[in-house]
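Everything below belongs to run-v2.csv, which stores CSV, C-alpha atoms and all ligand atoms.
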```
chain,number,residue,atom,x,y,z
A,105,MET,CA,5.9,-35.1,-46.9
A,106,PRO,CA,7.0,-31.9,-45.2
A,107,LEU,CA,4.6,-32.4,-42.3
A,108,GLU,CA,4.6,-35.8,-40.6
A,109,VAL,CA,3.7,-36.7,-37.0
A,110,SER,CA,6.8,-37.4,-34.9
A,111,GLU,CA,7.5,-41.1,-34.2
A,112,ILE,CA,7.1,-40.5,-30.4
A,113,VAL,CA,3.6,-39.0,-30.8
A,114,ALA,CA,2.5,-41.3,-33.5
A,115,ALA,CA,3.1,-44.2,-31.1
A,116,LEU,CA,0.9,-42.6,-28.5
A,117,GLU,CA,-2.4,-44.2,-27.5
A,118,PRO,CA,-5.1,-41.6,-27.1
A,119,SER,CA,-6.8,-41.7,-23.7
A,120,ALA,CA,-9.4,-44.4,-23.8
A,121,THR,CA,-11.5,-43.0,-21.0
A,122,MET,CA,-11.8,-39.7,-22.9
A,123,ALA,CA,-12.6,-41.5,-26.1
A,124,MET,CA,-15.4,-43.4,-24.4
A,125,ALA,CA,-16.7,-40.2,-22.8
A,126,ALA,CA,-16.7,-38.5,-26.2
A,127,LYS,CA,-18.7,-41.4,-27.8
A,128,ALA,CA,-21.3,-41.1,-25.0
A,129,LYS,CA,-21.4,-37.3,-25.5
A,130,ALA,CA,-21.9,-37.7,-29.2
A,131,LEU,CA,-24.8,-40.1,-28.7
A,132,LYS,CA,-26.4,-37.7,-26.2
A,133,ALA,CA,-25.9,-34.8,-28.7
A,134,ALA,CA,-27.8,-37.0,-31.3
A,135,GLY,CA,-30.7,-37.0,-28.9
A,136,LYS,CA,-30.2,-40.4,-27.3
A,137,THR,CA,-30.5,-41.0,-23.5
A,138,VAL,CA,-27.2,-42.3,-22.3
A,139,HIS,CA,-26.5,-43.7,-18.9
A,140,ASP,CA,-23.0,-42.4,-18.6
A,141,PHE,CA,-20.7,-44.3,-16.3
A,142,SER,CA,-17.6,-43.5,-18.2
A,143,LEU,CA,-16.8,-40.2,-16.4
A,144,GLY,CA,-13.6,-39.8,-14.5
A,145,GLU,CA,-14.6,-36.7,-12.7
A,146,PRO,CA,-17.0,-35.6,-10.0
A,147,ASP,CA,-20.4,-34.5,-11.4
A,148,PHE,CA,-20.8,-31.8,-8.7
A,149,ASN,CA,-20.2,-28.2,-9.5
A,150,THR,CA,-17.2,-26.5,-7.8
A,151,PRO,CA,-18.4,-25.2,-4.4
A,152,GLU,CA,-19.5,-21.6,-4.4
A,153,HIS,CA,-16.9,-20.2,-2.0
A,154,ILE,CA,-14.2,-21.4,-4.3
A,155,CYS,CA,-15.8,-19.8,-7.3
A,156,GLN,CA,-16.2,-16.6,-5.4
A,157,ALA,CA,-12.5,-16.6,-4.5
A,158,ALA,CA,-11.6,-16.9,-8.1
A,159,ILE,CA,-13.8,-14.0,-9.0
A,160,ALA,CA,-12.3,-11.9,-6.2
A,161,ALA,CA,-8.8,-12.8,-7.4
A,162,MET,CA,-9.7,-11.7,-11.0
A,163,LYS,CA,-11.2,-8.5,-9.8
A,164,ALA,CA,-8.1,-7.8,-7.6
A,165,GLY,CA,-5.9,-8.0,-10.7
A,166,GLN,CA,-4.4,-11.5,-10.1
A,167,THR,CA,-4.5,-12.0,-13.8
A,168,HIS,CA,-0.7,-11.9,-14.5
A,169,TYR,CA,2.0,-14.5,-14.7
A,170,THR,CA,2.8,-16.0,-11.4
A,171,PRO,CA,6.1,-17.6,-10.3
A,172,ALA,CA,6.6,-20.8,-12.4
A,173,ALA,CA,6.2,-23.1,-9.5
A,174,GLY,CA,3.0,-21.4,-8.2
A,175,ILE,CA,2.1,-18.6,-5.9
A,176,PRO,CA,3.9,-18.8,-2.6
A,177,GLU,CA,0.7,-18.8,-0.6
A,178,LEU,CA,-0.6,-21.9,-2.4
A,179,ARG,CA,2.8,-23.8,-2.1
A,180,ALA,CA,2.8,-22.9,1.6
A,181,ALA,CA,-0.8,-24.0,2.1
A,182,VAL,CA,-0.2,-27.4,0.4
A,183,ALA,CA,2.9,-28.0,2.6
A,184,LYS,CA,0.9,-27.0,5.7
A,185,GLN,CA,-1.9,-29.4,4.8
A,186,TYR,CA,0.5,-32.3,4.5
A,187,GLU,CA,1.9,-31.6,7.9
A,188,LYS,CA,-1.5,-31.5,9.4
A,189,ALA,CA,-3.0,-34.4,7.6
A,190,HIS,CA,0.0,-36.8,7.5
A,191,GLY,CA,2.6,-35.4,9.8
A,192,LEU,CA,4.9,-35.0,6.8
A,193,THR,CA,7.2,-31.9,6.8
A,194,TYR,CA,7.8,-30.3,3.5
A,195,LYS,CA,9.1,-26.8,2.8
A,196,PRO,CA,7.0,-24.7,0.5
A,197,SER,CA,9.9,-24.8,-2.0
A,198,GLN,CA,9.4,-28.6,-2.3
A,199,VAL,CA,5.8,-28.0,-3.6
A,200,VAL,CA,5.4,-27.3,-7.3
A,201,VAL,CA,2.0,-26.4,-8.6
A,202,SER,CA,1.2,-27.5,-12.2
A,203,ASN,CA,-1.7,-27.5,-14.7
A,204,GLY,CA,-3.4,-30.5,-13.1
A,205,ALA,CA,-2.0,-33.7,-11.6
A,206,LYS,CA,-1.6,-35.2,-15.1
A,207,HIS,CA,0.8,-32.4,-15.9
A,208,SER,CA,2.5,-33.0,-12.6
A,209,LEU,CA,3.1,-36.6,-13.6
A,210,HIS,CA,4.5,-35.6,-16.9
A,211,ASN,CA,6.8,-33.2,-15.2
A,212,VAL,CA,8.0,-35.9,-12.9
A,213,PHE,CA,8.8,-38.4,-15.6
A,214,THR,CA,10.6,-35.7,-17.7
A,215,SER,CA,12.6,-34.6,-14.7
A,216,VAL,CA,13.8,-37.9,-13.4
A,217,ILE,CA,13.6,-40.5,-16.2
A,218,ASN,CA,16.6,-41.1,-18.6
A,219,PRO,CA,16.2,-43.1,-21.8
A,220,GLY,CA,15.8,-46.7,-21.1
A,221,ASP,CA,15.0,-46.3,-17.4
A,222,GLU,CA,12.2,-48.6,-16.3
A,223,VAL,CA,9.1,-47.5,-14.4
A,224,ILE,CA,7.2,-50.4,-12.8
A,225,ILE,CA,3.5,-49.9,-13.2
A,226,PRO,CA,1.0,-52.3,-11.6
A,227,ALA,CA,-1.9,-53.2,-13.8
A,228,PRO,CA,-4.8,-52.3,-13.8
A,229,TYR,CA,-3.3,-48.8,-14.2
A,230,TRP,CA,-4.7,-45.4,-14.9
A,231,VAL,CA,-4.6,-44.9,-18.7
A,232,SER,CA,-2.1,-42.1,-18.9
A,233,TYR,CA,0.8,-43.5,-16.9
A,234,ALA,CA,2.4,-45.8,-19.5
A,235,GLU,CA,2.0,-43.3,-22.3
A,236,LEU,CA,3.6,-40.5,-20.3
A,237,VAL,CA,6.5,-42.7,-19.4
A,238,LYS,CA,7.0,-43.5,-23.1
A,239,LEU,CA,6.8,-39.9,-24.1
A,240,CYS,CA,9.8,-39.2,-21.7
A,241,GLY,CA,11.9,-42.0,-23.2
A,242,GLY,CA,11.3,-44.4,-20.3
A,243,ARG,CA,10.2,-48.0,-20.4
A,244,PRO,CA,6.9,-48.9,-18.7
A,245,VAL,CA,7.2,-52.3,-17.0
A,246,ILE,CA,3.6,-53.5,-16.5
A,247,VAL,CA,3.1,-56.0,-13.7
A,248,GLU,CA,-0.3,-57.6,-13.7
A,249,THR,CA,-2.1,-57.9,-10.4
A,250,THR,CA,-5.1,-60.1,-9.8
A,251,GLN,CA,-8.5,-59.7,-8.3
A,252,VAL,CA,-7.4,-62.2,-5.6
A,253,SER,CA,-5.1,-59.6,-4.1
A,254,ASN,CA,-7.7,-56.9,-4.7
A,255,PHE,CA,-5.5,-55.7,-7.6
A,256,LYS,CA,-2.7,-54.8,-5.3
A,257,LEU,CA,1.0,-55.4,-6.2
A,258,LEU,CA,2.5,-58.1,-4.0
A,259,PRO,CA,6.0,-57.8,-2.7
A,260,GLU,CA,7.2,-60.9,-4.6
A,261,GLN,CA,5.8,-59.5,-7.8
A,262,LEU,CA,7.7,-56.3,-7.3
A,263,ARG,CA,10.9,-58.3,-6.6
A,264,ARG,CA,10.4,-60.3,-9.8
A,265,ALA,CA,10.0,-57.1,-11.9
A,266,LEU,CA,13.3,-55.6,-10.7
A,267,THR,CA,16.2,-55.3,-13.2
A,268,LYS,CA,19.3,-53.1,-13.4
A,269,GLN,CA,17.3,-50.5,-15.3
A,270,SER,CA,14.5,-50.3,-12.6
A,271,LYS,CA,14.3,-46.6,-11.6
A,272,MET,CA,10.8,-46.0,-10.2
A,273,LEU,CA,7.7,-47.7,-8.9
A,274,LEU,CA,4.4,-46.0,-9.6
A,275,LEU,CA,1.6,-46.5,-7.1
A,276,CYS,CA,-2.0,-45.2,-7.3
A,277,SER,CA,-3.9,-45.7,-4.1
A,278,PRO,CA,-6.9,-45.4,-3.8
A,279,SER,CA,-6.8,-46.7,-7.3
A,280,ASN,CA,-8.3,-45.5,-10.5
A,281,PRO,CA,-9.7,-47.9,-12.0
A,282,THR,CA,-10.2,-50.5,-9.3
A,283,GLY,CA,-11.2,-48.4,-6.2
A,284,THR,CA,-9.0,-50.6,-4.0
A,285,MET,CA,-6.4,-49.1,-1.6
A,286,TYR,CA,-3.2,-50.4,-0.1
A,287,THR,CA,-3.1,-50.7,3.7
A,288,PRO,CA,-0.1,-49.1,5.5
A,289,ALA,CA,1.4,-52.6,6.1
A,290,GLU,CA,1.1,-53.4,2.4
A,291,LEU,CA,2.7,-50.1,1.5
A,292,GLY,CA,5.4,-50.8,4.1
A,293,ALA,CA,6.3,-54.1,2.5
A,294,LEU,CA,6.7,-52.5,-0.9
A,295,ALA,CA,8.7,-49.6,0.6
A,296,ASP,CA,11.2,-52.1,2.1
A,297,ILE,CA,11.9,-53.5,-1.4
A,298,ALA,CA,12.1,-49.9,-2.8
A,299,ILE,CA,14.7,-49.1,-0.2
A,300,GLU,CA,16.6,-52.3,-0.8
A,301,ALA,CA,16.6,-51.9,-4.6
A,302,ASP,CA,17.1,-48.1,-4.4
A,303,LEU,CA,14.0,-47.3,-6.3
A,304,ALA,CA,12.2,-44.0,-6.5
A,305,VAL,CA,8.5,-44.1,-5.8
A,306,LEU,CA,5.9,-42.0,-7.4
A,307,SER,CA,2.7,-42.1,-5.4
A,308,ASP,CA,-0.4,-40.8,-7.1
A,309,GLU,CA,-2.7,-39.9,-4.1
A,310,ILE,CA,-5.3,-37.9,-6.0
A,311,TYR,CA,-8.2,-39.8,-4.3
A,312,GLU,CA,-6.8,-39.5,-0.8
A,313,ARG,CA,-9.9,-37.7,0.5
A,314,LEU,CA,-12.5,-40.0,-1.1
A,315,ILE,CA,-12.3,-42.9,1.4
A,316,TYR,CA,-15.2,-45.1,2.5
A,317,GLY,CA,-16.3,-47.0,5.6
A,318,ASN,CA,-13.5,-48.0,8.0
A,319,HIS,CA,-10.8,-47.8,5.4
A,320,LYS,CA,-7.8,-45.6,6.5
A,321,PHE,CA,-5.7,-43.8,4.0
A,322,ALA,CA,-1.9,-43.6,4.5
A,323,SER,CA,0.4,-41.5,2.4
A,324,PHE,CA,3.2,-43.6,1.0
A,325,ALA,CA,5.9,-41.3,2.5
A,326,THR,CA,4.7,-42.0,6.0
A,327,VAL,CA,5.0,-45.8,6.1
A,328,ARG,CA,8.8,-46.0,6.8
A,329,PRO,CA,11.2,-43.5,8.1
A,330,GLY,CA,13.3,-41.7,5.5
A,331,LEU,CA,11.0,-42.4,2.6
A,332,GLN,CA,10.5,-38.8,1.6
A,333,GLU,CA,14.0,-38.8,0.1
A,334,ARG,CA,12.9,-41.3,-2.6
A,335,THR,CA,9.2,-40.4,-2.9
A,336,ILE,CA,7.4,-38.0,-5.1
A,337,LEU,CA,3.8,-37.4,-4.1
A,338,VAL,CA,1.2,-36.2,-6.7
A,339,ASN,CA,-2.1,-34.7,-5.7
A,340,GLY,CA,-4.4,-31.9,-6.6
A,341,VAL,CA,-7.8,-30.3,-6.3
A,342,SER,CA,-9.6,-32.0,-9.2
A,343,LYS,CA,-11.2,-34.9,-7.4
A,344,THR,CA,-11.4,-33.6,-3.8
A,345,TYR,CA,-13.1,-30.3,-4.6
A,346,ALA,CA,-14.8,-31.1,-8.0
A,347,MET,CA,-12.3,-28.8,-9.8
A,348,THR,CA,-11.3,-30.8,-12.8
A,349,GLY,CA,-11.7,-27.9,-15.2
A,350,TRP,CA,-9.5,-25.5,-13.2
A,351,ARG,CA,-6.4,-27.6,-13.8
A,352,ILE,CA,-4.5,-27.4,-10.6
A,353,GLY,CA,-2.3,-30.3,-9.3
A,354,TRP,CA,1.0,-30.5,-7.5
A,355,THR,CA,4.1,-32.5,-6.6
A,356,LEU,CA,5.9,-32.8,-3.3
A,357,ALA,CA,9.4,-34.0,-3.8
A,358,PRO,CA,13.0,-33.7,-2.5
A,359,GLU,CA,14.3,-30.1,-3.0
A,360,LYS,CA,16.5,-31.0,-6.0
A,361,ILE,CA,13.7,-32.6,-7.9
A,362,SER,CA,11.2,-29.8,-7.1
A,363,GLN,CA,13.7,-27.3,-8.4
A,364,ALA,CA,14.2,-29.3,-11.6
A,365,ILE,CA,10.4,-29.6,-12.1
A,366,ALA,CA,10.0,-25.8,-11.5
A,367,ASP,CA,12.8,-25.1,-14.1
A,368,LEU,CA,11.2,-27.4,-16.6
A,369,GLN,CA,7.8,-25.8,-16.1
A,370,SER,CA,9.3,-22.3,-16.5
A,371,GLN,CA,10.3,-23.3,-20.0
A,372,GLU,CA,7.3,-25.5,-20.8
A,373,THR,CA,4.1,-23.8,-19.6
A,374,SER,CA,5.3,-20.9,-17.3
A,375,ASN,CA,2.8,-21.0,-14.4
A,376,PRO,CA,-0.6,-22.7,-14.0
A,377,SER,CA,-3.5,-20.3,-14.3
A,378,SER,CA,-3.3,-17.5,-11.7
A,379,VAL,CA,-7.0,-17.4,-11.1
A,380,SER,CA,-7.2,-21.2,-10.6
A,381,GLN,CA,-4.3,-21.0,-8.1
A,382,TYR,CA,-6.3,-18.6,-6.0
A,383,ALA,CA,-9.3,-20.8,-6.3
A,384,ALA,CA,-7.2,-23.8,-5.1
A,385,LEU,CA,-5.9,-21.7,-2.2
A,386,ALA,CA,-9.5,-21.0,-1.1
A,387,ALA,CA,-10.3,-24.7,-1.5
A,388,ILE,CA,-7.5,-25.8,0.8
A,389,GLU,CA,-7.8,-23.0,3.3
A,390,GLY,CA,-11.6,-22.7,3.4
A,391,SER,CA,-14.2,-24.8,5.2
A,392,GLN,CA,-13.9,-28.5,4.4
A,393,ASP,CA,-17.6,-29.1,4.8
A,394,CYS,CA,-18.0,-29.3,1.0
A,395,VAL,CA,-15.6,-32.2,0.9
A,396,ALA,CA,-17.6,-34.0,3.6
A,397,GLU,CA,-20.9,-33.3,1.8
A,398,MET,CA,-19.6,-34.7,-1.5
A,399,LEU,CA,-18.1,-37.7,0.2
A,400,GLY,CA,-21.5,-38.4,1.8
A,401,GLU,CA,-23.1,-38.4,-1.6
A,402,PHE,CA,-20.4,-40.6,-3.1
A,403,ALA,CA,-20.7,-43.0,-0.1
A,404,GLN,CA,-24.5,-43.4,-0.8
A,405,ARG,CA,-23.9,-44.1,-4.4
A,406,ARG,CA,-21.1,-46.6,-3.6
A,407,GLU,CA,-23.5,-48.5,-1.4
A,408,PHE,CA,-26.2,-48.5,-4.1
A,409,VAL,CA,-23.6,-49.7,-6.7
A,410,ARG,CA,-22.3,-52.4,-4.4
A,411,GLN,CA,-25.8,-53.8,-3.9
A,412,ARG,CA,-26.7,-53.7,-7.5
A,413,ILE,CA,-23.4,-55.4,-8.6
A,414,ALA,CA,-24.0,-58.1,-6.0
A,415,SER,CA,-27.3,-59.0,-7.6
A,416,LEU,CA,-26.0,-59.0,-11.2
A,417,PRO,CA,-25.7,-62.5,-12.6
A,418,ASN,CA,-22.1,-63.8,-12.6
A,419,VAL,CA,-20.4,-60.4,-12.1
A,420,THR,CA,-18.0,-59.8,-9.2
A,421,CYS,CA,-16.1,-56.7,-8.0
A,422,PRO,CA,-13.5,-56.0,-5.3
A,423,GLU,CA,-14.6,-53.9,-2.4
A,424,MET,CA,-14.4,-50.2,-3.2
A,425,ALA,CA,-12.3,-48.6,-0.5
A,426,GLY,CA,-11.9,-45.2,-2.2
A,427,ALA,CA,-12.3,-43.1,-5.3
A,428,PHE,CA,-15.5,-43.5,-7.3
A,429,TYR,CA,-15.1,-46.5,-9.5
A,430,ALA,CA,-16.3,-50.1,-9.5
A,431,PHE,CA,-14.1,-52.5,-11.5
A,432,ILE,CA,-16.4,-55.3,-12.5
A,433,ASN,CA,-15.3,-58.8,-13.6
A,434,ILE,CA,-17.3,-59.6,-16.8
A,435,GLN,CA,-15.4,-62.8,-17.7
A,436,ALA,CA,-18.4,-65.0,-17.4
A,437,HIS,CA,-20.1,-62.8,-20.0
A,438,LEU,CA,-17.4,-63.1,-22.7
A,439,GLY,CA,-17.5,-65.6,-25.5
A,440,ARG,CA,-21.3,-65.4,-25.7
A,441,SER,CA,-23.8,-63.4,-27.7
A,442,PHE,CA,-26.2,-60.7,-26.8
A,443,ARG,CA,-29.2,-60.5,-29.1
A,444,GLY,CA,-27.1,-61.7,-32.0
A,445,THR,CA,-23.9,-59.8,-31.3
A,446,ARG,CA,-21.0,-62.0,-30.2
A,447,VAL,CA,-18.8,-60.5,-27.5
A,448,ASP,CA,-15.3,-61.9,-27.0
A,449,ASN,CA,-13.5,-59.2,-25.1
A,450,SER,CA,-14.0,-56.2,-22.8
A,451,THR,CA,-14.0,-53.7,-25.7
A,452,GLN,CA,-16.7,-55.5,-27.5
A,453,TRP,CA,-18.7,-55.9,-24.3
A,454,CYS,CA,-18.6,-52.2,-23.6
A,455,GLN,CA,-19.4,-51.3,-27.1
A,456,THR,CA,-22.4,-53.7,-27.2
A,457,LEU,CA,-23.6,-52.5,-23.9
A,458,LEU,CA,-23.6,-48.9,-25.2
A,459,GLU,CA,-25.2,-49.8,-28.5
A,460,GLN,CA,-27.9,-52.1,-27.1
A,461,VAL,CA,-28.9,-50.5,-23.8
A,462,SER,CA,-27.1,-47.1,-23.8
A,463,VAL,CA,-24.8,-47.5,-20.9
A,464,ALA,CA,-21.3,-46.1,-21.3
A,465,THR,CA,-18.5,-47.8,-19.3
A,466,VAL,CA,-14.8,-48.2,-20.0
A,467,MET,CA,-13.2,-51.4,-21.1
A,468,GLY,CA,-10.7,-53.1,-18.8
A,469,SER,CA,-8.3,-53.6,-21.6
A,470,SER,CA,-7.5,-49.9,-21.7
A,471,PHE,CA,-6.4,-50.2,-18.1
A,472,GLY,CA,-4.3,-53.3,-18.8
A,473,ALA,CA,-6.9,-55.7,-17.5
A,474,GLU,CA,-8.9,-57.7,-20.1
A,475,GLY,CA,-12.1,-59.2,-18.8
A,476,TYR,CA,-13.2,-56.2,-16.7
A,477,ALA,CA,-15.1,-53.0,-17.2
A,478,ARG,CA,-14.9,-49.8,-15.2
A,479,ILE,CA,-18.1,-48.2,-13.9
A,480,SER,CA,-17.8,-44.6,-12.6
A,481,PHE,CA,-20.4,-43.7,-9.9
A,482,ALA,CA,-19.6,-40.0,-10.1
A,483,THR,CA,-23.2,-39.6,-11.3
A,484,SER,CA,-26.6,-39.2,-9.7
A,485,LEU,CA,-28.5,-42.0,-8.0
A,486,SER,CA,-31.3,-41.7,-10.6
A,487,ILE,CA,-28.9,-42.2,-13.5
A,488,LEU,CA,-27.2,-45.1,-11.6
A,489,GLU,CA,-30.6,-46.7,-11.0
A,490,ALA,CA,-31.6,-46.5,-14.7
A,491,GLY,CA,-28.2,-47.6,-15.8
A,492,PHE,CA,-28.0,-50.6,-13.6
A,493,ASP,CA,-31.5,-51.6,-14.6
A,494,ALA,CA,-30.2,-51.5,-18.2
A,495,ILE,CA,-27.1,-53.5,-17.4
A,496,GLU,CA,-29.1,-56.1,-15.7
A,497,ARG,CA,-31.5,-56.4,-18.7
A,498,PHE,CA,-28.4,-56.6,-21.0
A,499,LEU,CA,-26.8,-59.4,-19.0
A,500,LYS,CA,-30.0,-61.4,-19.0
A,501,SER,CA,-30.8,-60.8,-22.7
A,502,PRO,CA,-31.0,-63.8,-25.0
A,503,ALA,CA,-28.2,-64.9,-27.3
B,601,LIG,C1,-8.1,-37.7,-12.4
B,601,LIG,C2,-6.7,-38.4,-12.1
B,601,LIG,C3,-5.5,-37.6,-12.3
B,601,LIG,C4,-5.4,-36.3,-12.9
B,601,LIG,O1,-6.1,-35.3,-12.3
B,601,LIG,P1,-5.9,-33.8,-12.8
B,601,LIG,O2,-5.4,-33.0,-11.7
B,601,LIG,O3,-7.3,-33.4,-13.2
B,601,LIG,O4,-5.0,-33.7,-14.0
B,601,LIG,C5,-4.4,-38.3,-11.9
B,601,LIG,N1,-4.3,-39.5,-11.5
B,601,LIG,C6,-5.4,-40.3,-11.4
B,601,LIG,C7,-5.4,-41.6,-10.9
B,601,LIG,C8,-6.7,-39.7,-11.7
B,601,LIG,O5,-7.8,-40.5,-11.7
```
Represent the structure from my file as structure tokens, please.
Amino acid sequence: MPLEVSEIVAALEPSATMAMAAKAKALKAAGKTVHDFSLGEPDFNTPEHICQAAIAAMKAGQTHYTPAAGIPELRAAVAKQYEKAHGLTYKPSQVVVSNGAKHSLHNVFTSVINPGDEVIIPAPYWVSYAELVKLCGGRPVIVETTQVSNFKLLPEQLRRALTKQSKMLLLCSPSNPTGTMYTPAELGALADIAIEADLAVLSDEIYERLIYGNHKFASFATVRPGLQERTILVNGVSKTYAMTGWRIGWTLAPEKISQAIADLQSQETSNPSSVSQYAALAAIEGSQDCVAEMLGEFAQRREFVRQRIASLPNVTCPEMAGAFYAFINIQAHLGRSFRGTRVDNSTQWCQTLLEQVSVATVMGSSFGAEGYARISFATSLSILEAGFDAIERFLKSPA
């Protein structure tokens, strides 16, 4: 055949979260009411002042190519924000703006991973990490964490995963899919090993502004002196400002790596959308009241979800410190039947839940954690209420 899919892409797993969301959408299109807890994005619209800034940029003619690494104002604004929020000093030249944080991650792996290099990824992990590493010729090394440690990688687990090929440790805190977050002390213990083993660390901090209760976020680069040299931070506007569709994310990295990422991007995609960059600039430089408002909404939903999960029969869940996910343990409900359908694993559980009571969730297996399901609470309280009523009915349904 003249036209075959390449081996590397044929081996790719399509995004499970997107697949589940598509299934829910298809059911909705067919006229069914679906309680959709599969979403990985805020349900809010982008705040008005950000949209207005984009319109103004368009009208002012900011509709051309920009420098590959992003407009200087945005790179400077991101650097300034890190100084202010975390006391980390980065030059604007160390910031590279890309087409979403997912693209930033791909850029990082392409720029620093050589064939055979190992990237240590704690499970449960965000669905794209391992696939992106593989696309770049690297080897994902998955280390399973447990609910006992709130799904956090323990120092001894990291130590045991080290080999001569270990190149990078990937952390996501607060975590998608578990909603748990490392404390500064926990990050420090991992940092000590990274320093000792000369590992690079990629820290995905996309949920840094969505933190609940008394939990305090620490950027990985702050927990030990000198960490900036071996750390790449990934962040963006998608989750903080409800801007998933605008596609703006960025990396903060040592100068040499940032230059490499910028060069790569100049050949690969040129620049991220000019209009979106001006919108992101307005998001960062404008009033942060919108962030506080959305966080307030998320906090209410989190409390609602926490209470509802606590009253579900034989379901547990770690405390949600950040992000907008609950990662529920459904092990007690596997190996049984629901109205005649036998359910043995998390995929079957999520499918049966969707078929029988129209609640869309994402199976833990797609995050490397069989026996769990992810519930996103980036949806309204009324949908959450109807959905949890349905989950409760489902769990109590006869065999
Ligand atoms: C949503 C998400 C991203 C990607 O965000 P985009 O900027 O929209 O590409 C990256 N990492 C995690 C953990 C996410 O949940």
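Using only C-alpha atoms, the residues found no farther than 12 Å from Ser377 in chain A, other than those of its own chain fewer than 3 positions away, are Ala158, Ala161, Met162, Gln166, Thr167, His168, Tyr169, Thr170, Pro171, Ala172, Ala173, Gly174, Ile175, Val201, Ser202, Asn203, Gly204, Gly349, Trp350, Arg351, Ile352, Gly353, Thr373, Ser374, Ser380, Gln381, Tyr382, Ala383 and Ala384 of chain A.
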Within 10 Å of ligand LIG 601 (chain B), counting all atoms listed in the file, which protein or nucleic acid residues do you find, written as an NGL selection string? :A and (143-146 or 202-209 or 229-233 or 275-281 or 307-311 or 338-344 or 346-354 or 427-429)
Please produce a file of the residues just selected, as a PDB file, keeping the file's coordinate frame, where the atoms kept are C-alpha atoms.
```pdb
ATOM      1  CA  LEU A 143     -16.800 -40.200 -16.400  1.00  0.00           C
ATOM      2  CA  GLY A 144     -13.600 -39.800 -14.500  1.00  0.00           C
ATOM      3  CA  GLU A 145     -14.600 -36.700 -12.700  1.00  0.00           C
ATOM      4  CA  PRO A 146     -17.000 -35.600 -10.000  1.00  0.00           C
ATOM      5  CA  SER A 202       1.200 -27.500 -12.200  1.00  0.00           C
ATOM      6  CA  ASN A 203      -1.700 -27.500 -14.700  1.00  0.00           C
ATOM      7  CA  GLY A 204      -3.400 -30.500 -13.100  1.00  0.00           C
ATOM      8  CA  ALA A 205      -2.000 -33.700 -11.600  1.00  0.00           C
ATOM      9  CA  LYS A 206      -1.600 -35.200 -15.100  1.00  0.00           C
ATOM     10  CA  HIS A 207       0.800 -32.400 -15.900  1.00  0.00           C
ATOM     11  CA  SER A 208       2.500 -33.000 -12.600  1.00  0.00           C
ATOM     12  CA  LEU A 209       3.100 -36.600 -13.600  1.00  0.00           C
ATOM     13  CA  TYR A 229      -3.300 -48.800 -14.200  1.00  0.00           C
ATOM     14  CA  TRP A 230      -4.700 -45.400 -14.900  1.00  0.00           C
ATOM     15  CA  VAL A 231      -4.600 -44.900 -18.700  1.00  0.00           C
ATOM     16  CA  SER A 232      -2.100 -42.100 -18.900  1.00  0.00           C
ATOM     17  CA  TYR A 233       0.800 -43.500 -16.900  1.00  0.00           C
ATOM     18  CA  LEU A 275       1.600 -46.500  -7.100  1.00  0.00           C
ATOM     19  CA  CYS A 276      -2.000 -45.200  -7.300  1.00  0.00           C
ATOM     20  CA  SER A 277      -3.900 -45.700  -4.100  1.00  0.00           C
ATOM     21  CA  PRO A 278      -6.900 -45.400  -3.800  1.00  0.00           C
ATOM     22  CA  SER A 279      -6.800 -46.700  -7.300  1.00  0.00           C
ATOM     23  CA  ASN A 280      -8.300 -45.500 -10.500  1.00  0.00           C
ATOM     24  CA  PRO A 281      -9.700 -47.900 -12.000  1.00  0.00           C
ATOM     25  CA  SER A 307       2.700 -42.100  -5.400  1.00  0.00           C
ATOM     26  CA  ASP A 308      -0.400 -40.800  -7.100  1.00  0.00           C
ATOM     27  CA  GLU A 309      -2.700 -39.900  -4.100  1.00  0.00           C
ATOM     28  CA  ILE A 310      -5.300 -37.900  -6.000  1.00  0.00           C
ATOM     29  CA  TYR A 311      -8.200 -39.800  -4.300  1.00  0.00           C
ATOM     30  CA  VAL A 338       1.200 -36.200  -6.700  1.00  0.00           C
ATOM     31  CA  ASN A 339      -2.100 -34.700  -5.700  1.00  0.00           C
ATOM     32  CA  GLY A 340      -4.400 -31.900  -6.600  1.00  0.00           C
ATOM     33  CA  VAL A 341      -7.800 -30.300  -6.300  1.00  0.00           C
ATOM     34  CA  SER A 342      -9.600 -32.000  -9.200  1.00  0.00           C
ATOM     35  CA  LYS A 343     -11.200 -34.900  -7.400  1.00  0.00           C
ATOM     36  CA  THR A 344     -11.400 -33.600  -3.800  1.00  0.00           C
ATOM     37  CA  ALA A 346     -14.800 -31.100  -8.000  1.00  0.00           C
ATOM     38  CA  MET A 347     -12.300 -28.800  -9.800  1.00  0.00           C
ATOM     39  CA  THR A 348     -11.300 -30.800 -12.800  1.00  0.00           C
ATOM     40  CA  GLY A 349     -11.700 -27.900 -15.200  1.00  0.00           C
ATOM     41  CA  TRP A 350      -9.500 -25.500 -13.200  1.00  0.00           C
ATOM     42  CA  ARG A 351      -6.400 -27.600 -13.800  1.00  0.00           C
ATOM     43  CA  ILE A 352      -4.500 -27.400 -10.600  1.00  0.00           C
ATOM     44  CA  GLY A 353      -2.300 -30.300  -9.300  1.00  0.00           C
ATOM     45  CA  TRP A 354       1.000 -30.500  -7.500  1.00  0.00           C
ATOM     46  CA  ALA A 427     -12.300 -43.100  -5.300  1.00  0.00           C
ATOM     47  CA  PHE A 428     -15.500 -43.500  -7.300  1.00  0.00           C
ATOM     48  CA  TYR A 429     -15.100 -46.500  -9.500  1.00  0.00           C
TER      49      TYR A 429
END
```
I'd like the neighbourhood of Arg264 in chain A as a list in words, where a residue qualifies if any of its atoms comes within 12 Å (using all atoms listed in the file), though same-chain residues fewer than 5 positions away should be ignored. Ile224, Val245, Ile246, Val247, Glu248, Leu257, Leu258, Pro259, Ser270, Ile297 and Ala301 of chain A
